[in-house]
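To be precise, the following lines are model_24.tsv, and they hold TSV, C-alpha atoms and all ligand atoms.
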chain	number	residue	atom	x	y	z
A	1	MET	CA	0.00	0.00	0.00
A	2	ALA	CA	2.79	2.41	0.98
A	3	LEU	CA	4.64	1.47	-2.20
A	4	LEU	CA	1.52	2.09	-4.26
A	5	CYS	CA	1.07	5.58	-2.75
A	6	PHE	CA	4.71	6.40	-3.30
A	7	GLN	CA	4.47	5.28	-6.92
A	8	SER	CA	1.26	7.27	-7.45
A	9	LEU	CA	2.92	10.37	-5.98
A	10	ARG	CA	5.94	9.95	-8.24
A	11	MET	CA	3.65	9.49	-11.26
A	12	LEU	CA	1.66	12.60	-10.38
A	13	ARG	CA	4.84	14.67	-10.12
A	14	SER	CA	5.93	13.50	-13.58
A	15	GLY	CA	2.51	14.35	-15.06
A	16	ILE	CA	1.58	10.67	-15.54
A	17	ARG	CA	-1.98	9.86	-14.55
A	18	CYS	CA	-3.46	6.40	-14.02
A	19	MET	CA	-6.61	5.54	-15.98
A	20	SER	CA	-8.55	2.23	-15.99
A	21	GLN	CA	-8.59	2.13	-12.18
A	22	ASN	CA	-10.44	-1.20	-12.13
A	23	ALA	CA	-8.20	-2.99	-14.59
A	24	GLN	CA	-5.95	-5.75	-13.26
A	25	LEU	CA	-4.47	-7.35	-16.37
A	26	VAL	CA	-3.53	-4.09	-18.07
A	27	SER	CA	-2.43	-0.71	-16.87
A	28	LEU	CA	-3.45	2.43	-18.72
A	29	THR	CA	-1.67	5.68	-17.95
A	30	VAL	CA	-1.72	9.03	-19.66
A	31	ASN	CA	0.96	11.68	-19.82
A	32	ASP	CA	-1.00	14.87	-19.14
A	33	LYS	CA	1.67	17.01	-20.83
A	34	THR	CA	1.60	15.17	-24.17
A	35	GLY	CA	-1.79	13.46	-24.08
A	36	VAL	CA	-0.09	10.16	-24.97
A	37	ALA	CA	-1.55	7.05	-23.30
A	38	THR	CA	0.45	3.92	-22.48
A	39	LEU	CA	-1.34	0.60	-22.39
A	40	SER	CA	0.77	-2.09	-20.71
A	41	LEU	CA	-0.16	-5.77	-20.72
A	42	GLN	CA	0.39	-7.29	-17.29
A	43	ARG	CA	-0.92	-10.84	-17.21
A	44	PRO	CA	1.88	-13.07	-15.87
A	45	PRO	CA	3.66	-15.13	-16.82
A	46	VAL	CA	3.52	-14.41	-20.58
A	47	ASN	CA	0.57	-12.07	-21.32
A	48	SER	CA	-1.30	-14.83	-23.11
A	49	LEU	CA	-4.54	-13.39	-24.43
A	50	ASN	CA	-7.48	-14.98	-22.63
A	51	LEU	CA	-11.04	-13.64	-22.52
A	52	GLU	CA	-10.39	-11.48	-19.45
A	53	LEU	CA	-7.22	-9.88	-20.82
A	54	LEU	CA	-8.87	-9.16	-24.18
A	55	THR	CA	-11.83	-7.60	-22.36
A	56	GLU	CA	-9.52	-5.26	-20.46
A	57	ILE	CA	-7.54	-4.32	-23.58
A	58	SER	CA	-10.75	-3.53	-25.42
A	59	SER	CA	-12.07	-1.38	-22.55
A	60	ALA	CA	-8.74	0.44	-22.26
A	61	LEU	CA	-8.81	1.30	-25.99
A	62	THR	CA	-12.26	2.81	-25.55
A	63	GLU	CA	-11.09	4.74	-22.50
A	64	ALA	CA	-8.12	6.13	-24.42
A	65	THR	CA	-10.53	7.30	-27.13
A	66	ASP	CA	-12.96	8.83	-24.62
A	67	ASN	CA	-10.04	10.64	-23.00
A	68	ASN	CA	-9.10	12.22	-26.37
A	69	SER	CA	-5.65	10.64	-26.29
A	70	ARG	CA	-3.17	12.06	-28.80
A	71	GLY	CA	-1.53	8.67	-29.24
A	72	LEU	CA	-1.14	5.26	-27.66
A	73	ILE	CA	1.90	3.17	-26.82
A	74	LEU	CA	1.21	-0.56	-26.47
A	75	THR	CA	3.76	-2.50	-24.46
A	76	SER	CA	4.25	-5.13	-21.75
A	77	THR	CA	5.25	-4.90	-18.11
A	78	ASN	CA	7.23	-8.12	-18.67
A	79	ASP	CA	10.62	-7.38	-20.23
A	80	GLY	CA	11.03	-10.65	-22.10
A	81	VAL	CA	7.53	-11.31	-23.42
A	82	PHE	CA	5.39	-8.75	-25.22
A	83	SER	CA	2.58	-11.32	-25.54
A	84	ALA	CA	2.62	-15.10	-26.06
A	85	GLY	CA	-0.42	-14.73	-28.32
A	86	LEU	CA	-3.77	-16.33	-27.72
A	87	ASP	CA	-4.08	-18.31	-24.53
A	88	ILE	CA	-3.89	-21.85	-25.86
A	89	LEU	CA	-5.93	-23.08	-22.91
A	90	GLU	CA	-8.91	-21.13	-24.31
A	91	MET	CA	-8.73	-23.26	-27.47
A	92	TYR	CA	-7.81	-26.65	-26.01
A	93	LYS	CA	-10.82	-28.80	-25.07
A	94	PRO	CA	-12.89	-25.62	-25.11
A	95	ASN	CA	-16.21	-24.86	-23.46
A	96	LEU	CA	-18.35	-23.86	-26.44
A	97	ASP	CA	-20.01	-20.78	-24.93
A	98	ARG	CA	-16.77	-19.42	-23.54
A	99	VAL	CA	-14.71	-20.04	-26.69
A	100	LYS	CA	-17.35	-18.24	-28.77
A	101	GLU	CA	-17.20	-15.27	-26.41
A	102	PHE	CA	-13.40	-15.41	-26.49
A	103	TRP	CA	-13.18	-15.27	-30.29
A	104	THR	CA	-15.85	-12.57	-30.51
A	105	LYS	CA	-13.87	-10.45	-28.02
A	106	LEU	CA	-10.69	-10.99	-30.05
A	107	GLN	CA	-12.47	-9.77	-33.19
A	108	GLU	CA	-13.79	-6.72	-31.31
A	109	THR	CA	-10.38	-5.87	-29.85
A	110	TRP	CA	-8.62	-6.11	-33.21
A	111	ILE	CA	-11.27	-4.00	-34.96
A	112	LYS	CA	-10.87	-1.29	-32.31
A	113	LEU	CA	-7.09	-1.33	-32.26
A	114	TYR	CA	-6.77	-1.46	-36.04
A	115	GLN	CA	-8.78	1.68	-36.55
A	116	THR	CA	-8.09	3.96	-33.60
A	117	ALA	CA	-8.27	7.64	-34.51
A	118	TYR	CA	-5.05	8.31	-32.58
A	119	PRO	CA	-1.62	7.07	-33.71
A	120	THR	CA	-0.50	3.77	-32.20
A	121	VAL	CA	2.99	2.43	-31.55
A	122	ALA	CA	3.94	-1.03	-30.29
A	123	VAL	CA	7.02	-1.10	-28.09
A	124	ILE	CA	7.79	-4.81	-28.39
A	125	ASN	CA	9.95	-5.51	-25.37
A	126	GLY	CA	9.94	-9.29	-25.66
A	127	HIS	CA	8.84	-12.28	-27.74
A	128	SER	CA	5.72	-11.70	-29.76
A	129	PRO	CA	4.33	-14.84	-31.44
A	130	ALA	CA	0.96	-15.23	-33.20
A	131	GLY	CA	-1.73	-13.13	-31.46
A	132	GLY	CA	1.07	-11.04	-29.90
A	133	CYS	CA	2.36	-10.30	-33.39
A	134	LEU	CA	-1.20	-9.45	-34.47
A	135	LEU	CA	-1.44	-6.79	-31.75
A	136	ALA	CA	1.86	-5.28	-32.89
A	137	LEU	CA	0.85	-5.44	-36.58
A	138	SER	CA	-2.32	-3.52	-35.77
A	139	CYS	CA	-0.31	-0.53	-34.58
A	140	GLU	CA	1.02	2.06	-37.02
A	141	HIS	CA	4.65	1.81	-35.94
A	142	ARG	CA	6.64	-1.02	-34.37
A	143	ILE	CA	9.74	-0.60	-32.24
A	144	MET	CA	11.38	-3.80	-31.04
A	145	VAL	CA	14.04	-4.54	-28.44
A	146	LYS	CA	16.93	-6.62	-29.80
A	147	ASN	CA	17.30	-10.38	-29.28
A	148	PHE	CA	13.63	-11.38	-29.35
A	149	THR	CA	11.34	-13.03	-31.92
A	150	ILE	CA	8.11	-12.10	-33.66
A	151	GLY	CA	5.85	-13.72	-36.24
A	152	LEU	CA	2.67	-15.59	-37.09
A	153	ASN	CA	3.65	-19.17	-36.20
A	154	GLU	CA	0.16	-20.73	-36.27
A	155	THR	CA	0.95	-23.44	-38.86
A	156	ARG	CA	3.60	-24.83	-36.52
A	157	LEU	CA	0.85	-25.47	-33.97
A	158	GLY	CA	-1.30	-27.28	-36.54
A	159	ILE	CA	-3.79	-24.38	-36.74
A	160	VAL	CA	-4.10	-21.54	-39.23
A	161	ALA	CA	-3.96	-17.77	-39.05
A	162	PRO	CA	-7.39	-16.44	-40.09
A	163	PRO	CA	-7.68	-14.09	-43.08
A	164	TRP	CA	-7.60	-10.90	-40.99
A	165	PHE	CA	-4.36	-11.98	-39.25
A	166	ILE	CA	-2.93	-12.66	-42.73
A	167	ALA	CA	-4.20	-9.34	-44.12
A	168	SER	CA	-2.62	-7.47	-41.20
A	169	MET	CA	0.73	-9.05	-42.08
A	170	VAL	CA	0.37	-8.57	-45.85
A	171	ASN	CA	-0.41	-4.86	-45.29
A	172	VAL	CA	2.94	-4.50	-43.55
A	173	ILE	CA	5.40	-6.82	-45.35
A	174	GLY	CA	3.60	-7.67	-48.62
A	175	GLN	CA	2.25	-10.83	-50.22
A	176	ARG	CA	5.50	-12.64	-51.11
A	177	GLN	CA	7.18	-12.31	-47.73
A	178	SER	CA	3.91	-13.11	-45.91
A	179	GLU	CA	3.35	-16.25	-47.94
A	180	ARG	CA	6.80	-17.55	-47.14
A	181	ALA	CA	6.70	-16.60	-43.46
A	182	LEU	CA	3.16	-17.79	-42.69
A	183	THR	CA	3.29	-21.12	-44.48
A	184	LEU	CA	6.48	-21.91	-42.58
A	185	GLY	CA	5.19	-20.37	-39.33
A	186	HIS	CA	8.47	-18.47	-39.26
A	187	MET	CA	9.43	-16.51	-36.17
A	188	PHE	CA	11.66	-13.56	-37.18
A	189	THR	CA	14.50	-12.41	-34.98
A	190	THR	CA	14.45	-8.68	-34.24
A	191	GLU	CA	17.10	-8.16	-36.93
A	192	GLU	CA	15.24	-10.24	-39.55
A	193	ALA	CA	12.00	-8.44	-38.69
A	194	LYS	CA	13.67	-5.10	-39.38
A	195	ASN	CA	15.11	-6.32	-42.69
A	196	VAL	CA	11.74	-7.53	-43.93
A	197	GLY	CA	9.92	-4.36	-42.76
A	198	LEU	CA	7.88	-6.12	-40.07
A	199	ILE	CA	9.25	-3.70	-37.50
A	200	ASP	CA	10.42	-0.13	-38.03
A	201	GLU	CA	13.10	0.37	-35.40
A	202	ILE	CA	15.44	-1.70	-33.23
A	203	VAL	CA	16.26	-0.45	-29.75
A	204	GLN	CA	18.43	-1.65	-26.86
A	205	ASN	CA	15.71	-1.63	-24.22
A	206	LYS	CA	12.15	-0.60	-23.40
A	207	ALA	CA	13.13	2.85	-22.10
A	208	GLU	CA	14.75	3.71	-25.43
A	209	GLY	CA	11.72	2.23	-27.20
A	210	THR	CA	9.36	4.45	-25.23
A	211	THR	CA	11.37	7.57	-26.06
A	212	GLN	CA	11.30	6.66	-29.76
A	213	ALA	CA	7.57	5.90	-29.59
A	214	GLU	CA	6.88	9.33	-28.10
A	215	ALA	CA	8.98	10.91	-30.87
A	216	PHE	CA	6.95	9.04	-33.51
A	217	ILE	CA	3.65	10.26	-32.04
A	218	GLN	CA	5.03	13.79	-31.71
A	219	LYS	CA	5.49	13.87	-35.52
A	220	PHE	CA	1.72	14.22	-35.82
A	221	ALA	CA	1.47	17.19	-33.46
A	222	LYS	CA	1.06	19.66	-36.33
A	223	ILE	CA	-1.10	17.44	-38.54
A	224	PRO	CA	-4.83	18.15	-38.09
A	225	PHE	CA	-6.21	15.24	-36.05
A	226	GLN	CA	-9.37	14.66	-38.11
A	227	ALA	CA	-7.54	14.71	-41.43
A	228	ARG	CA	-5.02	12.20	-40.11
A	229	SER	CA	-7.58	9.86	-38.62
A	230	LEU	CA	-9.84	9.86	-41.68
A	231	THR	CA	-6.86	9.06	-43.88
A	232	LYS	CA	-6.02	6.12	-41.63
A	233	THR	CA	-9.64	4.94	-41.68
A	234	TRP	CA	-9.78	4.97	-45.47
A	235	LEU	CA	-6.42	3.24	-45.81
A	236	ARG	CA	-7.47	0.48	-43.42
A	237	ASN	CA	-11.17	0.28	-44.21
A	238	LYS	CA	-11.03	-2.57	-46.73
A	239	THR	CA	-9.15	-4.82	-44.32
A	240	VAL	CA	-11.46	-4.06	-41.39
A	241	GLU	CA	-14.67	-4.28	-43.42
A	242	SER	CA	-13.84	-7.78	-44.62
A	243	LEU	CA	-14.09	-8.94	-41.00
A	244	VAL	CA	-16.88	-6.59	-39.87
A	245	LYS	CA	-19.16	-7.94	-42.60
A	246	ASN	CA	-18.30	-11.58	-41.89
A	247	ARG	CA	-17.93	-11.86	-38.13
A	248	GLU	CA	-20.34	-14.76	-37.80
A	249	ASP	CA	-18.70	-16.73	-40.66
A	250	ASP	CA	-15.28	-16.00	-39.18
A	251	LEU	CA	-16.41	-17.31	-35.78
A	252	ASN	CA	-17.81	-20.46	-37.36
A	253	MET	CA	-14.63	-21.05	-39.33
A	254	PHE	CA	-12.57	-20.65	-36.14
A	255	LEU	CA	-14.79	-23.12	-34.26
A	256	GLN	CA	-14.59	-25.59	-37.12
A	257	VAL	CA	-10.77	-25.41	-37.37
A	258	VAL	CA	-10.01	-25.40	-33.69
A	259	THR	CA	-12.34	-28.28	-32.75
A	260	GLN	CA	-10.92	-30.65	-35.42
A	261	PRO	CA	-9.48	-33.72	-33.64
A	262	ASN	CA	-6.07	-33.25	-35.28
A	263	ALA	CA	-5.97	-29.55	-34.25
A	264	GLN	CA	-6.86	-30.54	-30.68
A	265	GLU	CA	-4.16	-33.18	-30.73
A	266	SER	CA	-1.56	-30.67	-31.98
A	267	LEU	CA	-2.59	-28.13	-29.34
A	268	GLY	CA	-2.34	-30.82	-26.64
A	269	HIS	CA	1.20	-31.73	-27.74
A	270	TYR	CA	2.15	-28.07	-27.94
A	271	ILE	CA	0.93	-27.32	-24.41
A	272	GLN	CA	2.86	-30.33	-23.16
A	273	SER	CA	6.04	-29.21	-24.96
A	274	LEU	CA	5.73	-25.73	-23.40
A	275	LYS	CA	5.26	-27.27	-19.96
A	276	ASN	CA	8.23	-29.62	-20.44
A	277	LYS	CA	10.38	-26.67	-21.51
A	278	ALA	CA	9.25	-24.61	-18.51
A	279	THR	CA	10.16	-27.37	-16.03
A	280	LYS	CA	13.65	-27.99	-17.51
B	1	LIG	C1	-9.54	-20.11	-38.66
B	1	LIG	C2	-8.74	-19.72	-37.50
B	1	LIG	C3	-8.43	-20.84	-36.61
B	1	LIG	C4	-7.59	-20.75	-35.59
B	1	LIG	C5	-6.82	-19.56	-35.28
B	1	LIG	C6	-6.13	-19.65	-33.94
B	1	LIG	C7	-5.15	-18.56	-33.80
B	1	LIG	C8	-4.22	-18.60	-32.86
B	1	LIG	C9	-3.23	-17.56	-32.68
B	1	LIG	C10	-2.36	-17.71	-31.44
B	1	LIG	O1	-2.00	-16.72	-30.87
B	1	LIG	S1	-1.95	-19.28	-30.91
B	1	LIG	C11	-0.76	-19.05	-29.61
B	1	LIG	C12	0.62	-19.11	-30.17
B	1	LIG	N1	1.59	-18.83	-29.16
B	1	LIG	C13	2.75	-19.44	-29.10
B	1	LIG	O2	3.09	-20.29	-29.90
B	1	LIG	C14	3.67	-19.02	-27.97
B	1	LIG	C15	4.00	-20.15	-27.05
B	1	LIG	N2	4.87	-19.68	-26.00
B	1	LIG	C16	6.19	-19.50	-26.15
B	1	LIG	O3	6.75	-19.68	-27.20
B	1	LIG	C17	6.95	-19.07	-24.93
B	1	LIG	O4	6.14	-19.28	-23.81
B	1	LIG	C18	7.39	-17.59	-24.96
B	1	LIG	C19	8.52	-17.40	-25.97
B	1	LIG	C20	6.24	-16.66	-25.30
B	1	LIG	C21	7.91	-17.19	-23.55
B	1	LIG	O5	8.93	-18.06	-23.15
B	1	LIG	P1	9.33	-18.15	-21.60
B	1	LIG	O6	9.43	-16.79	-21.03
B	1	LIG	O7	10.50	-19.05	-21.54
B	1	LIG	O8	8.05	-18.78	-20.89
B	1	LIG	P2	7.62	-20.34	-20.88
B	1	LIG	O9	7.65	-20.91	-22.25
B	1	LIG	O10	8.40	-21.04	-19.81
B	1	LIG	O11	6.08	-20.24	-20.46
B	1	LIG	C22	5.69	-19.91	-19.13
B	1	LIG	C23	4.31	-20.49	-18.87
B	1	LIG	O12	3.40	-19.90	-19.79
B	1	LIG	C24	2.70	-20.93	-20.53
B	1	LIG	N3	2.41	-20.42	-21.88
B	1	LIG	C25	3.26	-19.94	-22.77
B	1	LIG	N4	2.63	-19.52	-23.88
B	1	LIG	C26	1.30	-19.75	-23.66
B	1	LIG	C27	0.13	-19.52	-24.44
B	1	LIG	N5	0.16	-18.95	-25.66
B	1	LIG	N6	-1.03	-19.86	-23.91
B	1	LIG	C28	-1.12	-20.41	-22.67
B	1	LIG	N7	-0.03	-20.66	-21.88
B	1	LIG	C29	1.16	-20.32	-22.38
B	1	LIG	C30	3.70	-22.09	-20.53
B	1	LIG	O13	3.03	-23.30	-20.78
B	1	LIG	C31	4.26	-22.00	-19.14
B	1	LIG	O14	3.26	-22.53	-18.28
B	1	LIG	P3	3.62	-23.33	-16.96
B	1	LIG	O15	2.31	-23.70	-16.36
B	1	LIG	O16	4.43	-24.53	-17.38
B	1	LIG	O17	4.43	-22.37	-16.12

What is this structure when it is put down as structure tokens?
Ligand SMILES: CC/C=C\CC/C=C/CC(=O)SCCNC(=O)CCNC(=O)[C@H](O)C(C)(C)COP(=O)(O)OP(=O)(O)OC[C@H]1O[C@@H](n2cnc3c(N)ncnc32)[C@H](O)[C@@H]1OP(=O)(O)O
Amino acid sequence: MALLCFQSLRMLRSGIRCMSQNAQLVSLTVNDKTGVATLSLQRPPVNSLNLELLTEISSALTEATDNNSRGLILTSTNDGVFSAGLDILEMYKPNLDRVKEFWTKLQETWIKLYQTAYPTVAVINGHSPAGGCLLALSCEHRIMVKNFTIGLNETRLGIVAPPWFIASMVNVIGQRQSERALTLGHMFTTEEAKNVGLIDEIVQNKAEGTTQAEAFIQKFAKIPFQARSLTKTWLRNKTVESLVKNREDDLNMFLQVVTQPNAQESLGHYIQSLKNKATK
């Protein structure tokens, strides 16, 4: 409690204000001087995206909009893992009602993040496979700390990246590179990701990443907000609309793929291999 008060006092002095008071799996702060919000994922051990975490991310994005944020930095409180992607336990031997709600919340979160009016930057301070990569791809600028990996590795798990995951990747690195990377389920090192254009900058650590992210957002200070945001909407509209118009079909396709016996078997093996690795 004393530590919390001390931290709050220090944040107040530096002009950083806490938002999302009720959130537990994310923290949302805003810098009152710049209007830039920081959304940090904080679901130990690896920020895997379960229904509850997605719900908090989605609410935080709305709160940042309602607060008229000038920009948003998406990062993780865990230096080492940005996000391990979707929580595999949501997809393994799923409860039908919950898994439907889970996928619907993922769709909602992506749609919101992909078309925020304010500029978005991912400060990728750790590994970022699959759904973690999707979050980063949805931002306008990606800054990654060296010595980590990022990519859409779904095929390696015996599942597939849905069309909107693929489109998010194609919009950043193009058809040819996406085809090669996604069919292989390739995880790019930070260096490889920079070479292929998947990320924009390499930094030494999160602090440097945050400074660079603020500088990126600051570039828009003199660009009229509405003109910028409408341009982004139009550029991204085709990609978003293809999901918005087909949410039910997309949900059904997900349920069909993920409940296949061979997909369940692959997920079971994968969970076991992660557990074996963790106990070594
Ligand atoms: C039509 C569409 C159909 C289907 C589409 C489905 C789309 C799916 C997209 C996804 O996002 S699938 C998820 C893909 N994610 C991964 O492949 C990542 C797996 N995790 C890792 O590679 C590593 O954990 C890490 C590099 C992220 C971090 O490594 P490290 O820091 O060494 O942690 P550990 O590996 O020891 O893991 C600690 C702990 O966390 C559990 N865990 C890790 N990842 C997940 C996950 N994605 N979901 C649930 N749980 C996860 C791991 O099992 C360990 O658990 P313990 O209980 O053993 O402590």

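Closest approach to ligand LIG 1 (chain B) among A:Ser83, A:Asn147, A:Asn67, A:Ser76: A:Ser83, based on all atoms listed in the file.
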
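The closest residue to ligand LIG 1 (chain B), picked from A:Ala37, A:Ala64, A:Ile150, A:Leu184 and counting only C-alpha atoms and all ligand atoms, is A:Ile150.
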
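Closest approach to Ser128 of chain A among A:Leu113, A:Ala227, A:Leu49, A:Met91 is made by A:Leu49 (distances from only C-alpha atoms).
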
Study note, to complete from the structure: With distances taken over only C-alpha atoms, the candidate from A:Gly209, A:Gly71, A:Gly197, A:Pro163 nearest Gln107 of chain A is A:Pro163

**Study point:** Pick from A:Leu267, A:Val36, A:Cys139, A:Val121, whichever lies nearest to Asp87 of chain A using all atoms listed in the file
**Key:** A:Leu267

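With all atoms listed in the file as the basis for measurement, A:Asn50 is the residue among A:Ser27, A:Asn125, A:Thr231, A:Asn50 that approaches Leu86 of chain A most closely.
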
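In this model, the gap between atom CA of Pro119 of chain A and atom CA of Lys146 of chain A comes to 23.4 Å.
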
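Put simply, atom CA of His186 of chain A is 8.5 Å away from atom CA of Arg156 of chain A.
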
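What separates atom CA of Ser168 of chain A from atom CA of Thr109 of chain A is a distance of 13.8 Å.
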
Check your understanding: Residues at most 6 Å from ligand LIG 1 (chain B), using only C-alpha atoms and all ligand atoms? Could they come as a VMD selection string?
Key -> chain A and resid 45 to 46 48 81 84 to 89 127 129 to 131 154 159 to 162 253 to 254 257 to 258 271 274 to 275 278

Have segment 232-253 of chain A completed to N, CA and C atoms, please, and pass it along as a PDB file, in the frame of the given file.
ATOM      1  N   LYS A 232      -6.291   7.473 -42.154  1.00  0.00           N
ATOM      2  CA  LYS A 232      -6.020   6.120 -41.630  1.00  0.00           C
ATOM      3  C   LYS A 232      -7.239   5.209 -41.839  1.00  0.00           C
ATOM      4  N   THR A 233      -8.416   5.734 -41.523  1.00  0.00           N
ATOM      5  CA  THR A 233      -9.640   4.940 -41.680  1.00  0.00           C
ATOM      6  C   THR A 233      -9.782   4.456 -43.123  1.00  0.00           C
ATOM      7  N   TRP A 234      -9.593   5.351 -44.072  1.00  0.00           N
ATOM      8  CA  TRP A 234      -9.780   4.970 -45.470  1.00  0.00           C
ATOM      9  C   TRP A 234      -8.710   3.975 -45.923  1.00  0.00           C
ATOM     10  N   LEU A 235      -7.489   4.187 -45.444  1.00  0.00           N
ATOM     11  CA  LEU A 235      -6.420   3.240 -45.810  1.00  0.00           C
ATOM     12  C   LEU A 235      -6.693   1.844 -45.270  1.00  0.00           C
ATOM     13  N   ARG A 236      -7.304   1.774 -44.084  1.00  0.00           N
ATOM     14  CA  ARG A 236      -7.470   0.480 -43.420  1.00  0.00           C
ATOM     15  C   ARG A 236      -8.876  -0.116 -43.583  1.00  0.00           C
ATOM     16  N   ASN A 237      -9.755   0.666 -44.193  1.00  0.00           N
ATOM     17  CA  ASN A 237     -11.170   0.280 -44.210  1.00  0.00           C
ATOM     18  C   ASN A 237     -11.433  -1.076 -44.863  1.00  0.00           C
ATOM     19  N   LYS A 238     -10.772  -1.320 -45.998  1.00  0.00           N
ATOM     20  CA  LYS A 238     -11.030  -2.570 -46.730  1.00  0.00           C
ATOM     21  C   LYS A 238     -10.704  -3.785 -45.866  1.00  0.00           C
ATOM     22  N   THR A 239      -9.580  -3.704 -45.166  1.00  0.00           N
ATOM     23  CA  THR A 239      -9.150  -4.820 -44.320  1.00  0.00           C
ATOM     24  C   THR A 239     -10.142  -5.040 -43.178  1.00  0.00           C
ATOM     25  N   VAL A 240     -10.551  -3.950 -42.538  1.00  0.00           N
ATOM     26  CA  VAL A 240     -11.460  -4.060 -41.390  1.00  0.00           C
ATOM     27  C   VAL A 240     -12.847  -4.537 -41.839  1.00  0.00           C
ATOM     28  N   GLU A 241     -13.327  -3.944 -42.946  1.00  0.00           N
ATOM     29  CA  GLU A 241     -14.670  -4.280 -43.420  1.00  0.00           C
ATOM     30  C   GLU A 241     -14.823  -5.761 -43.733  1.00  0.00           C
ATOM     31  N   SER A 242     -13.734  -6.365 -44.234  1.00  0.00           N
ATOM     32  CA  SER A 242     -13.840  -7.780 -44.620  1.00  0.00           C
ATOM     33  C   SER A 242     -14.118  -8.644 -43.385  1.00  0.00           C
ATOM     34  N   LEU A 243     -13.707  -8.205 -42.211  1.00  0.00           N
ATOM     35  CA  LEU A 243     -14.090  -8.940 -41.000  1.00  0.00           C
ATOM     36  C   LEU A 243     -15.449  -8.461 -40.479  1.00  0.00           C
ATOM     37  N   VAL A 244     -15.633  -7.139 -40.438  1.00  0.00           N
ATOM     38  CA  VAL A 244     -16.880  -6.590 -39.870  1.00  0.00           C
ATOM     39  C   VAL A 244     -18.103  -7.216 -40.546  1.00  0.00           C
ATOM     40  N   LYS A 245     -18.002  -7.405 -41.858  1.00  0.00           N
ATOM     41  CA  LYS A 245     -19.160  -7.940 -42.600  1.00  0.00           C
ATOM     42  C   LYS A 245     -19.309  -9.450 -42.446  1.00  0.00           C
ATOM     43  N   ASN A 246     -18.278 -10.099 -41.931  1.00  0.00           N
ATOM     44  CA  ASN A 246     -18.300 -11.580 -41.890  1.00  0.00           C
ATOM     45  C   ASN A 246     -17.961 -12.131 -40.513  1.00  0.00           C
ATOM     46  N   ARG A 247     -18.340 -11.425 -39.480  1.00  0.00           N
ATOM     47  CA  ARG A 247     -17.930 -11.860 -38.130  1.00  0.00           C
ATOM     48  C   ARG A 247     -18.480 -13.231 -37.768  1.00  0.00           C
ATOM     49  N   GLU A 248     -19.709 -13.476 -38.137  1.00  0.00           N
ATOM     50  CA  GLU A 248     -20.340 -14.760 -37.800  1.00  0.00           C
ATOM     51  C   GLU A 248     -19.636 -15.907 -38.554  1.00  0.00           C
ATOM     52  N   ASP A 249     -19.378 -15.694 -39.850  1.00  0.00           N
ATOM     53  CA  ASP A 249     -18.700 -16.730 -40.660  1.00  0.00           C
ATOM     54  C   ASP A 249     -17.305 -16.988 -40.104  1.00  0.00           C
ATOM     55  N   ASP A 250     -16.638 -15.886 -39.714  1.00  0.00           N
ATOM     56  CA  ASP A 250     -15.280 -16.000 -39.180  1.00  0.00           C
ATOM     57  C   ASP A 250     -15.287 -16.819 -37.876  1.00  0.00           C
ATOM     58  N   LEU A 251     -16.288 -16.558 -37.038  1.00  0.00           N
ATOM     59  CA  LEU A 251     -16.410 -17.310 -35.780  1.00  0.00           C
ATOM     60  C   LEU A 251     -16.639 -18.794 -36.081  1.00  0.00           C
ATOM     61  N   ASN A 252     -17.523 -19.059 -37.038  1.00  0.00           N
ATOM     62  CA  ASN A 252     -17.810 -20.460 -37.360  1.00  0.00           C
ATOM     63  C   ASN A 252     -16.594 -21.172 -37.930  1.00  0.00           C
ATOM     64  N   MET A 253     -15.832 -20.439 -38.749  1.00  0.00           N
ATOM     65  CA  MET A 253     -14.630 -21.050 -39.330  1.00  0.00           C
ATOM     66  C   MET A 253     -13.624 -21.376 -38.219  1.00  0.00           C
TER      67      MET A 253
END
